[in-house]
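So the structure is just underneath, and the comments pick up after that.
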Amino acid sequence: MKYTTLPNSDIKVSKICLGTMTWGQQNTEQEGHEQMDYALEKGVNFFDVAELYPIPAKAETYGATEKIIGSWFQKKGNRDKVVLASKIAGWGAYTAHIRKDGFSKRAIKEALEGSLKRLQTDYIDLYQLHWPERAVNCFGVREYPYQNHSEQFENHLEILETLQGFISEGKIRKIGISNESPWGTMQYLQTAKDHNLPRMSTIQNSYSLLHRAYEYGMSEVSLRENIGLLAFSPLAFGVLSGKYVGGKKPSDARVTLFPNYNRYSSAQSEKAVIEYQKIAQKNGMSLVELSLAFINQLPFVTSNIIGATKMSQLKENINSIDITLSEEIINEINGVHKIMPNPAP
């Protein structure tokens with residue numbers, strides 16, 4: 001395994017982060033425990049979860065993933081071996097069963113204390129805001145919703161002051177944002193600087209060979225402001241495994257089970273997948289390995305969040321850390337990207 005540190009800290013994290021959002025829906029508690037056992041054995045010390053997991057978000061499964069991690073901590077007694085990240089859910093119609101007051105002081109307190117209880121721990125290493133309260137173009141929305149630009153946005157000062165309180169209590173070590181824009185990111189960083197408050201350490205946004213929009217603005221923010229990307233959906237809901245090519249619909253695959261998760265399933269995306277698959281085969285690796293290895297090498301990435309429903313998938317994902325792509329291969333990838341840039345939103 002390869003390691004780095006959370007920006008502006010001495011917290012060592014693996015370049016591969018174990019994503020968990022299928023546990024409690026597509027995966028059982030036992031399977032979640034098996035994945036954590038294997039990942040930790042292979043040097044993955046960074047786990048990411050969220051209060052709303054598993055997905056799709058439903059009232060009857062709310063918090064189930066955190067409970068699975070908590071039962072594993074209780075069973076194994078190894079909380080100190082894991083750098084744990086979790087998130088407070090943002091506002092939205094599909095999270096109305098959780099709460100409706102966004103990132104208010106009350107909401108953050110309720111969310112954090114609930115997560116701590118389910119996770120059976122007294123601290124979270126990295127606590128993140130899952131998505132902004134204001135309308136932004138994320139989760140498959142390509143165009144900025146400019147019609148709503150004048151709506152009220154987050155109270156960055158109040159949010160940081162609230163999080164500061166929990167850091168002082170020892171319940172949080174570092175903080176981060178997710179699904180954010182350059183403007184929102186800089187607002188948090190500037191507010192922290194102006195008021196001597198905790199600085200956002202990471203940003204968790206989607207990034208894959210099918211969706212490299214992070215490079216347009218956010219990658220420079222990451223590098224110049226030292227806020228590391230935690231790349232999620234690096235395999236584009238499994239589309240970058242090639243298993244859906246040609247209209248295939250594996251019965252137990254995410255996009256088959258949940259057809260509304262079609263963000264990466266356009267005809268243009270499939271054309272790009274086929275081209276990337278040719279590059280992988282030509283160079284003696286799987287499309288999964290190529291897709292993940294590309295992200296692992298990016299200078300603005302702190303960690304690459306992989307997820308799997310099967311142990312064979314998990315093993316292949318983790319093995320990508322041992323692959324170094326040559327400049328020639330990277331040039332081939334960029335050649336496809338030049339012709340078909342960001343086919344998925």
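Starting from 1 in every chain, residues are counted up; chains themselves are A, B, ... following the order of the structure tokens, and ligands are numbered from 1 as listed.
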Within 8 Å of A:Trp131, counting only C-alpha atoms, which residues show up once you throw out same-chain ones fewer than 6 positions away? Write them as a CSV table (one decimal) with N, CA and C atoms, in the first residue's frame, please.
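Listing of result_10.csv after writing:
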chain,number,residue,atom,x,y,z
A,89,ALA,N,-25.6,14.4,6.2
A,89,ALA,CA,-26.4,14.6,5.0
A,89,ALA,C,-26.8,16.0,4.8
A,90,GLY,N,-26.8,16.4,3.5
A,90,GLY,CA,-27.2,17.7,3.2
A,90,GLY,C,-28.8,17.7,3.0
A,177,ILE,N,-15.3,18.9,3.0
A,177,ILE,CA,-16.5,19.1,2.3
A,177,ILE,C,-16.6,18.1,1.2
A,178,SER,N,-17.8,18.1,0.5
A,178,SER,CA,-18.0,17.1,-0.5
A,178,SER,C,-19.0,17.7,-1.6
A,179,ASN,N,-18.8,17.3,-2.8
A,179,ASN,CA,-19.7,17.8,-3.9
A,179,ASN,C,-19.7,19.3,-4.0
A,180,GLU,N,-18.6,19.9,-3.7
A,180,GLU,CA,-18.5,21.4,-3.7
A,180,GLU,C,-17.8,21.9,-5.0
Leaving out stretch 293-304 of chain A and any residue of its chain fewer than 6 positions from it, which residues lie within 9 Å of it when counting only C-alpha atoms, given as a PyMOL selection string?
chain A and resi 3-7+13-18+46+202+207-209+219-220+222-223+226-234+320-325+330+333
Just C-alpha atoms for this one: save the residues we selected as a tab-separated table (two decimals), in the first residue's frame.
chain	number	residue	atom	x	y	z
A	3	TYR	CA	0.27	6.35	2.00
A	4	THR	CA	-0.04	10.08	2.29
A	5	THR	CA	-1.40	12.38	5.00
A	6	LEU	CA	-4.61	14.33	5.27
A	7	PRO	CA	-3.62	17.87	4.23
A	13	VAL	CA	-3.99	7.60	5.25
A	14	SER	CA	-3.78	4.97	2.54
A	15	LYS	CA	-4.01	6.15	-1.07
A	16	ILE	CA	-6.86	3.65	-1.41
A	17	CYS	CA	-9.88	4.42	0.78
A	18	LEU	CA	-12.53	1.79	1.47
A	46	PHE	CA	-8.87	4.77	5.58
A	202	THR	CA	-10.31	17.52	2.01
A	207	TYR	CA	-13.78	11.77	-10.47
A	208	SER	CA	-13.30	9.08	-13.08
A	209	LEU	CA	-12.14	8.61	-16.65
A	219	SER	CA	-7.64	20.77	-9.26
A	220	GLU	CA	-5.83	24.11	-9.08
A	222	SER	CA	-6.52	21.56	-4.46
A	223	LEU	CA	-2.88	22.08	-5.36
A	226	ASN	CA	-3.61	22.19	-0.11
A	227	ILE	CA	-7.09	20.69	0.07
A	228	GLY	CA	-6.91	17.10	-1.09
A	229	LEU	CA	-9.39	15.33	-3.33
A	230	LEU	CA	-11.02	12.17	-2.08
A	231	ALA	CA	-12.19	10.82	-5.42
A	232	PHE	CA	-15.51	9.00	-5.32
A	233	SER	CA	-17.16	6.88	-8.03
A	234	PRO	CA	-13.75	6.22	-9.66
A	320	SER	CA	-4.50	-1.14	-8.56
A	321	ILE	CA	-2.16	0.58	-6.09
A	322	ASP	CA	0.69	-1.60	-7.37
A	323	ILE	CA	0.28	-0.42	-10.97
A	324	THR	CA	2.21	2.59	-12.27
A	325	LEU	CA	1.05	3.94	-15.61
A	330	ILE	CA	-1.30	8.37	-19.78
A	333	ILE	CA	-5.79	8.02	-22.00
Extract, using only C-alpha atoms, all DNA, RNA and protein residues at most 10 Å from stretch 166-168 of chain A, discarding same-chain residues fewer than 4 positions from it, and format them as a PyMOL selection string.
chain A and resi 108-109+112+123-125+127+161-162+172-175+198
For A:Lys310, which residue out of A:Lys76, A:Lys338, A:Lys67, A:Arg254 is the nearest one, using only C-alpha atoms?
A:Arg254
Would you kindly return, as a PyMOL selection string, each protein, DNA or RNA residue with an atom no farther than 8 Å from any atom of A:Thr191, considering only C-alpha atoms and excluding same-chain residues fewer than 5 positions away?
chain A and resi 156-157+197
Keeping only N, CA and C atoms, write those residues as a PDB file, in the first residue's frame.
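again_3.pdb, written as the output of this step:
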ATOM      1  N   HIS A 156     -21.246  29.946   6.225  1.00  0.00           N
ATOM      2  CA  HIS A 156     -19.935  29.311   6.384  1.00  0.00           C
ATOM      3  C   HIS A 156     -19.333  29.578   7.762  1.00  0.00           C
ATOM      4  N   LEU A 157     -19.518  30.775   8.273  1.00  0.00           N
ATOM      5  CA  LEU A 157     -18.961  31.116   9.576  1.00  0.00           C
ATOM      6  C   LEU A 157     -19.609  30.287  10.675  1.00  0.00           C
ATOM      7  N   LEU A 197     -10.384  29.861  12.260  1.00  0.00           N
ATOM      8  CA  LEU A 197     -11.208  28.680  12.485  1.00  0.00           C
ATOM      9  C   LEU A 197     -10.611  27.477  11.742  1.00  0.00           C
TER      10      LEU A 197
END
Every residue of stretch 92-251 of chain A that DSSP places in strand (DSSP E or B), as a VMD selection string:
chain A and resid 124 to 129 172 to 178 200 to 206 208 211 228 to 232
Can you spit out the residues from that selection as a short mmCIF file (atom, residue, chain, number, x, y, z; two decimals), in the first residue's frame, using C-alpha atoms?
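This is the output file out_22.cif:
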data_model
loop_
_atom_site.label_atom_id
_atom_site.label_comp_id
_atom_site.auth_asym_id
_atom_site.auth_seq_id
_atom_site.Cartn_x
_atom_site.Cartn_y
_atom_site.Cartn_z
CA ILE A 124 -14.40 10.69 13.90
CA ASP A 125 -11.10 11.45 12.18
CA LEU A 126 -12.60 13.32 9.21
CA TYR A 127 -16.11 14.79 9.39
CA GLN A 128 -17.53 16.01 6.09
CA LEU A 129 -20.50 18.00 4.79
CA ILE A 172 -13.73 15.43 15.41
CA ARG A 173 -10.09 15.63 14.30
CA LYS A 174 -10.33 17.14 10.81
CA ILE A 175 -13.13 18.46 8.61
CA GLY A 176 -13.95 18.29 4.92
CA ILE A 177 -16.49 19.14 2.25
CA SER A 178 -18.03 17.12 -0.54
CA MET A 200 -11.28 22.21 5.42
CA SER A 201 -8.71 19.49 4.84
CA THR A 202 -10.31 17.52 2.01
CA ILE A 203 -13.00 17.67 -0.63
CA GLN A 204 -14.84 14.54 -1.74
CA ASN A 205 -16.02 14.94 -5.33
CA SER A 206 -16.69 12.50 -8.15
CA SER A 208 -13.30 9.08 -13.08
CA HIS A 211 -16.00 12.52 -15.49
CA GLY A 228 -6.91 17.10 -1.09
CA LEU A 229 -9.39 15.33 -3.33
CA LEU A 230 -11.02 12.17 -2.08
CA ALA A 231 -12.19 10.82 -5.42
CA PHE A 232 -15.51 9.00 -5.32
#
Which residue is closest to A:Ser86? Choose from A:Tyr276, A:Phe47, A:Phe153, A:Tyr144 and count only C-alpha atoms.
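Selected residue with least distance to A:Ser86: A:Phe47.
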Pairwise distance for atom CA of A:Glu41 and atom CA of A:Lys243, rounded to one decimal in Å
27.9 Å
Which residues are near A:Met21? Cut-off 7 Å, only C-alpha atoms, ignore same chain within fewer than 3 positions. Put them as a ChimeraX atom specification.
/A:49,53-55,65
Select, from A:Arg79, A:His149, A:Arg142, A:Arg134, the residue with the minimum atom-to-atom distance to A:Gln120, counting only C-alpha atoms.
A:Arg79
Picked from stretch 142-297 of chain A by DSSP as helix (DSSP H, G or I), as a VMD selection string:
chain A and resid 146 to 148 156 to 168 182 to 195 213 to 215 218 to 225 239 to 241 245 to 247 254 to 257 267 to 282 287 to 296
Tell me, as a ChimeraX atom specification, which residues lie within 9 Å of A:Thr121, counting only C-alpha atoms; anything in the same chain fewer than 6 positions away does not count.
/A:70,73-74,79,115
Need to verify the contact set: A:Thr256, 12 Å, only C-alpha atoms, exclusion of same-chain residues closer than 6 positions in sequence. Can you return it as a list in words?
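So the residues in contact are Phe237, Gly238, Val239, Lys243, Tyr244, Gly247, Lys248, Lys249, Pro250, Asn262 and Ser265 of chain A.
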Export of prior selection with C-alpha atoms as a compact mmCIF listing (two decimals), in the first residue's frame:
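Output file part.txt is given in full below:
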# COMPACT_ATOMS: atom_id res chain seq x y z
CA PHE A 237 -20.96 3.04 -10.76
CA GLY A 238 -19.10 0.05 -12.19
CA VAL A 239 -19.44 1.23 -15.78
CA LYS A 243 -19.65 -5.11 -17.52
CA TYR A 244 -22.47 -3.08 -19.07
CA GLY A 247 -26.43 -3.60 -23.35
CA LYS A 248 -25.47 -6.20 -20.74
CA LYS A 249 -27.36 -6.01 -17.44
CA PRO A 250 -25.77 -8.24 -14.79
CA ASN A 262 -27.76 6.02 -15.07
CA SER A 265 -24.67 5.03 -18.92
Using only C-alpha atoms, which of the listed residues (A:Lys315, A:Lys271, A:Lys171, A:Arg118) sits closest to A:Leu210?
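The closest residue to A:Leu210 is A:Lys271.
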